[in-house]
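A quick write-up on the structure given underneath.
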Amino acid sequence: MKNLYNAEYNGLFTRIDLIQPHPEALKRDIIKKGSIEKIPKNKFIVSPGDTNRYCYFIIEGFVRLYRDHETKKQKEVTTWFLHTGDFMIQQDGFYFGEKSPEYLQATEDTVCIKLHYDDLRSLCKKHPMFTDTYIYLTQLYYYQLTQRDALKAYTAKEKYQHLLKNHPYIVQKAQSSHIASYFGISETYYSKIKNGRL
């Protein structure tokens, strides 16, 4: 059996215990059903057309979410970034078993705990309290999604200031071209904002 106190799982358990304390039996079952996945830099975790029914907890690393967008200005549109301590799903596949319209790509070497949708449902049936945790995390995911959507009304400079204040890791880790893509502006224009020339 995997060691319950394996350091790779400690971050996950600390994260969910902030929601509510979870018993050791539940944590043991999470370890039994989960697996560790090491994702090399630049590898795609999900690509368009894939059906991915896994939930990931990022132990360490950085991931970009983006879509193809063939226009004269942009070939790709970045939709978000995830890093250490975040939960990650491709929602079309995870919730509905549908094909993904987007890419999830590790932009640095990334290590995740991986849990299949069916195993997560099984854990909820065996440990009813885990259903509350799952519901809370789902609500949090959609709250964060609506907060990101609200940024569409901001100017590029306001978006940059928001990232600096609330998600500084993105400015530190993401490529300038990817942040510019997220803002919907050119990399040159983003550079001017970042360097205080606007």
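Numbering starts fresh at 1 for the residues of each chain in the structure tokens, the chains themselves are lettered A, B, ... in the order given, and ligands are numbered from 1 as they appear.
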_I need the strand (DSSP E or B) residues of stretch 41-190 of chain A per DSSP on the backbone, written as a ChimeraX atom specification._
/A:44-46,54-60,62-68,76-83,87-88,103-106,110-116
*Selected residue, from A:Pro40, A:Gly184, A:Pro48, A:Pro128, that lies nearest to A:Val77 when counting only C-alpha atoms*: A:Gly184
*Shell around stretch 61-66 of chain A at 6 Å using only C-alpha atoms, local window under 3 positions removed, as a VMD selection string*: chain A and resid 77 to 84 102 to 110
Please produce a file of the residues just selected, as an mmCIF file, in the first residue's frame, where the atoms kept are N, CA and C atoms.
```cif
data_model
loop_
_atom_site.group_PDB
_atom_site.id
_atom_site.type_symbol
_atom_site.label_atom_id
_atom_site.label_comp_id
_atom_site.auth_asym_id
_atom_site.auth_seq_id
_atom_site.Cartn_x
_atom_site.Cartn_y
_atom_site.Cartn_z
ATOM 1 N N VAL A 77 -5.605 31.581 -28.264
ATOM 2 C CA VAL A 77 -6.138 32.443 -27.209
ATOM 3 C C VAL A 77 -5.989 31.711 -25.881
ATOM 4 N N THR A 78 -5.169 32.271 -25.001
ATOM 5 C CA THR A 78 -4.999 31.703 -23.669
ATOM 6 C C THR A 78 -6.224 32.028 -22.841
ATOM 7 N N THR A 79 -6.769 31.021 -22.152
ATOM 8 C CA THR A 79 -7.965 31.240 -21.338
ATOM 9 C C THR A 79 -7.667 31.277 -19.846
ATOM 10 N N TRP A 80 -6.576 30.638 -19.390
ATOM 11 C CA TRP A 80 -6.199 30.723 -17.976
ATOM 12 C C TRP A 80 -4.904 29.983 -17.735
ATOM 13 N N PHE A 81 -4.417 30.093 -16.494
ATOM 14 C CA PHE A 81 -3.193 29.431 -16.044
ATOM 15 C C PHE A 81 -3.474 28.767 -14.693
ATOM 16 N N LEU A 82 -2.824 27.646 -14.445
ATOM 17 C CA LEU A 82 -2.960 26.941 -13.166
ATOM 18 C C LEU A 82 -1.569 26.597 -12.650
ATOM 19 N N HIS A 83 -1.428 26.537 -11.321
ATOM 20 C CA HIS A 83 -0.113 26.221 -10.771
ATOM 21 C C HIS A 83 -0.256 25.419 -9.481
ATOM 22 N N THR A 84 0.855 25.283 -8.761
ATOM 23 C CA THR A 84 0.932 24.466 -7.551
ATOM 24 C C THR A 84 -0.227 24.767 -6.594
ATOM 25 N N GLU A 102 -10.244 22.500 -26.137
ATOM 26 C CA GLU A 102 -9.084 23.295 -25.723
ATOM 27 C C GLU A 102 -7.879 22.424 -25.396
ATOM 28 N N TYR A 103 -6.757 23.100 -25.230
ATOM 29 C CA TYR A 103 -5.508 22.468 -24.818
ATOM 30 C C TYR A 103 -5.256 22.754 -23.333
ATOM 31 N N LEU A 104 -4.732 21.769 -22.627
ATOM 32 C CA LEU A 104 -4.133 21.960 -21.318
ATOM 33 C C LEU A 104 -2.680 21.522 -21.476
ATOM 34 N N GLN A 105 -1.750 22.468 -21.333
ATOM 35 C CA GLN A 105 -0.342 22.184 -21.601
ATOM 36 C C GLN A 105 0.523 22.577 -20.417
ATOM 37 N N ALA A 106 1.370 21.649 -19.989
ATOM 38 C CA ALA A 106 2.351 21.964 -18.950
ATOM 39 C C ALA A 106 3.425 22.848 -19.559
ATOM 40 N N THR A 107 3.609 24.045 -19.016
ATOM 41 C CA THR A 107 4.643 24.932 -19.557
ATOM 42 C C THR A 107 5.922 24.874 -18.727
ATOM 43 N N GLU A 108 5.923 24.037 -17.717
ATOM 44 C CA GLU A 108 7.136 23.645 -17.005
ATOM 45 C C GLU A 108 6.907 22.229 -16.502
ATOM 46 N N ASP A 109 7.955 21.543 -16.086
ATOM 47 C CA ASP A 109 7.776 20.192 -15.547
ATOM 48 C C ASP A 109 6.752 20.245 -14.419
ATOM 49 N N THR A 110 5.743 19.384 -14.506
ATOM 50 C CA THR A 110 4.596 19.447 -13.601
ATOM 51 C C THR A 110 4.307 18.061 -13.031
#
```
*Counting only C-alpha atoms, figure out which residue out of A:Met88, A:Ala150, A:Ala180, A:Ile193 gets nearest to A:Arg53.*
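Using only C-alpha atoms, A:Arg53 sits closest to A:Met88.
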Within 10 Å of A:Gln91 using only C-alpha atoms, minus same-chain residues under 6 positions, as a PDB file with C-alpha atoms, in the first residue's frame:
```
ATOM      1  CA  THR A  51     -12.217  13.160 -23.726  1.00  0.00           C
ATOM      2  CA  ASN A  52     -10.543  13.521 -20.349  1.00  0.00           C
ATOM      3  CA  ARG A  53     -12.476  12.442 -17.259  1.00  0.00           C
ATOM      4  CA  TYR A  54      -9.699  13.065 -14.744  1.00  0.00           C
ATOM      5  CA  CYS A  55      -9.389  15.616 -11.981  1.00  0.00           C
ATOM      6  CA  GLY A  97     -17.807  12.933 -21.163  1.00  0.00           C
ATOM      7  CA  GLU A  98     -17.531  15.211 -24.193  1.00  0.00           C
ATOM      8  CA  LYS A  99     -14.567  16.051 -26.388  1.00  0.00           C
ATOM      9  CA  SER A 100     -12.349  18.933 -25.379  1.00  0.00           C
TER      10      SER A 100
END
```
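Between atom CA of A:Gln90 and atom CA of A:Ser176 lies a distance of 23.8 Å.
Going from atom CA of A:Val111 to atom CA of A:Ile58 covers 6.1 Å.
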